[in-house]
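The structure appears right after this line, and notes come after that.
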Amino acid sequence: MNTQKKQLKSMIGYATFGAGGGCLGGILSSFLTMYLTDNALLSVTFITGLMMFGRLSNAVTEFSSGFIIDRTHTRLGQARPWILGTAFLCSLPVYMVFNIPAGLSETGKMIWATISYLMHISVFGAIISIAYAALLVKITTDSNTRAKFTNFANLIAQISGLAVGVYAVPLLMYFGGYETGYRGMTAVFSILGFLGMFLTGVLFPSL
């Protein structure tokens with residue numbers, strides 16, 4: 001019974017990360033291009049280049065993150081400290097990229113968007129995603145258990161993404177639309193994203 005309770009707690013803890021990630025990924029994939037073109041008035045060429053560079057740099061930083069996590073040895077384990085320590089730092093840039101100060105010049109807006117986006121995609125997002133992947137590798141070698149954890153986490157992530165699709169626009173309108181709407185809507189989902197990822201570090205066993 002204790003083993004079953006521990007496994008259930010671990011599975012829920014593993015899945016809450018998906019809920020948080022679904023919130024952050026949902027607003028980025030659905031609204032970032034729209035916000036940067038319509039509100040920040042940045043070119044599609046710049047946005048496309050930014051996203052491409054983010055993907056390329058992410059591959060490099062994920063490799064570096066794995067190297068660092070492998071050499072982490074703390075009372076809380078190897079992976080969990082990185083999830084607890086970077087959950088907020090991964091969520092904050094998502095809020096920042098949707099809240100570019102209106103008084104900035106075009107160049108200033110591009111710099112703000114670039115720093116915010118890369119902080120999420122290439123720095124803290126890379127660290128926390130590798131730490132998250134390490135959890136399942138370390139908790140069990142049983143393929144059925146891993147499949148159960150992964151399927152449940154993917155289900156929760158999909159539900160979270162659907163929730164963004166359903167509630168993001170109503171929230172944006174509720175907070176007034178335009179700049180204030182984005183500010184309120186992204187604050188809600190960034191907080192939910194942080195809480196989901198942080199809870200994984202709290203609920204999952206020390207690894």
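Residues are named by chain letter and number: chains run A, B, ... in the order of the structure tokens, numbers start at 1 in each chain, and ligands are numbered from 1 in the order shown.
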Tell me, as a ChimeraX atom specification, which residues lie within 10 Å of A:Arg80, counting only C-alpha atoms; anything in the same chain fewer than 2 positions away does not count.
/A:69,74-78,82-85,128,131-132,134-135,198,200-207
Neighbour list for stretch 188-196 of chain A as a list in words, cut-off 8 Å, only C-alpha atoms, skip fewer than 3 positions in-chain:
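The filter keeps Thr16, Phe17, Gly18, Ala19, Gly20, Gly21, Gly22, Cys23, Leu24, Ile27, Ala87, Phe88, Cys90, Ser91, Leu92, Val94, Tyr95, Val164, Gly184, Met185, Leu199 and Thr200 of chain A.
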Return the single residue from A:Leu155, A:Leu118, A:Met197, A:Leu8 that is closest to A:Leu50, with distances computed using only C-alpha atoms.
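Under the stated criterion, the closest residue is A:Leu118.
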Mind checking which residues fall within 7 Å of stretch 52-59 of chain A, counting only C-alpha atoms, ignoring those fewer than 2 positions away in the same chain, and posting them as an MDAnalysis selection string?
chainID A and resid 48:50 61:63 118 121:122 126
In stretch 113-162 of chain A, DSSP alpha helix (DSSP H) residues written as number ranges by chain
A: 113-118, 125-139, 143-162
In terms of the shortest atom-to-atom distance over only C-alpha atoms, which of A:Val166, A:Leu89, A:Ala102, A:Ile159 is closest to A:Val123?
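Smallest separation from A:Val123 among the options: A:Leu89.
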Have a look at atom CA of A:Arg71 and atom CA of A:Met119 and let me know their distance in Å, one decimal.
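Computing the Euclidean distance for atom CA of A:Arg71 and atom CA of A:Met119 yields 22.4 Å.
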Rounded to one decimal in Å, what is the spacing between atom CA of A:Ile130 and atom CA of A:Met11?
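Straight-line distance from atom CA of A:Ile130 to atom CA of A:Met11 works out to 17.7 Å.
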Using only C-alpha atoms, which residues sit within 10 Å of A:Glu106 once same-chain residues fewer than 6 positions away are excluded, as an mmCIF file with N, CA and C atoms, in the first residue's frame?
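Written output follows (out_33.cif):
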data_model
loop_
_atom_site.group_PDB
_atom_site.id
_atom_site.type_symbol
_atom_site.label_atom_id
_atom_site.label_comp_id
_atom_site.auth_asym_id
_atom_site.auth_seq_id
_atom_site.Cartn_x
_atom_site.Cartn_y
_atom_site.Cartn_z
ATOM 1 N N ALA A 40 3.420 44.869 -30.463
ATOM 2 C CA ALA A 40 4.779 45.422 -30.429
ATOM 3 C C ALA A 40 5.211 45.954 -31.789
ATOM 4 N N LEU A 41 4.448 45.640 -32.834
ATOM 5 C CA LEU A 41 4.708 46.119 -34.196
ATOM 6 C C LEU A 41 6.082 45.706 -34.716
ATOM 7 N N LEU A 42 6.467 44.476 -34.417
ATOM 8 C CA LEU A 42 7.725 43.930 -34.916
ATOM 9 C C LEU A 42 7.456 43.096 -36.170
ATOM 10 N N SER A 43 8.472 42.976 -37.007
ATOM 11 C CA SER A 43 8.284 42.313 -38.292
ATOM 12 C C SER A 43 8.236 40.798 -38.143
ATOM 13 N N TRP A 112 14.373 43.499 -26.033
ATOM 14 C CA TRP A 112 13.551 42.984 -24.920
ATOM 15 C C TRP A 112 12.960 41.620 -25.277
#
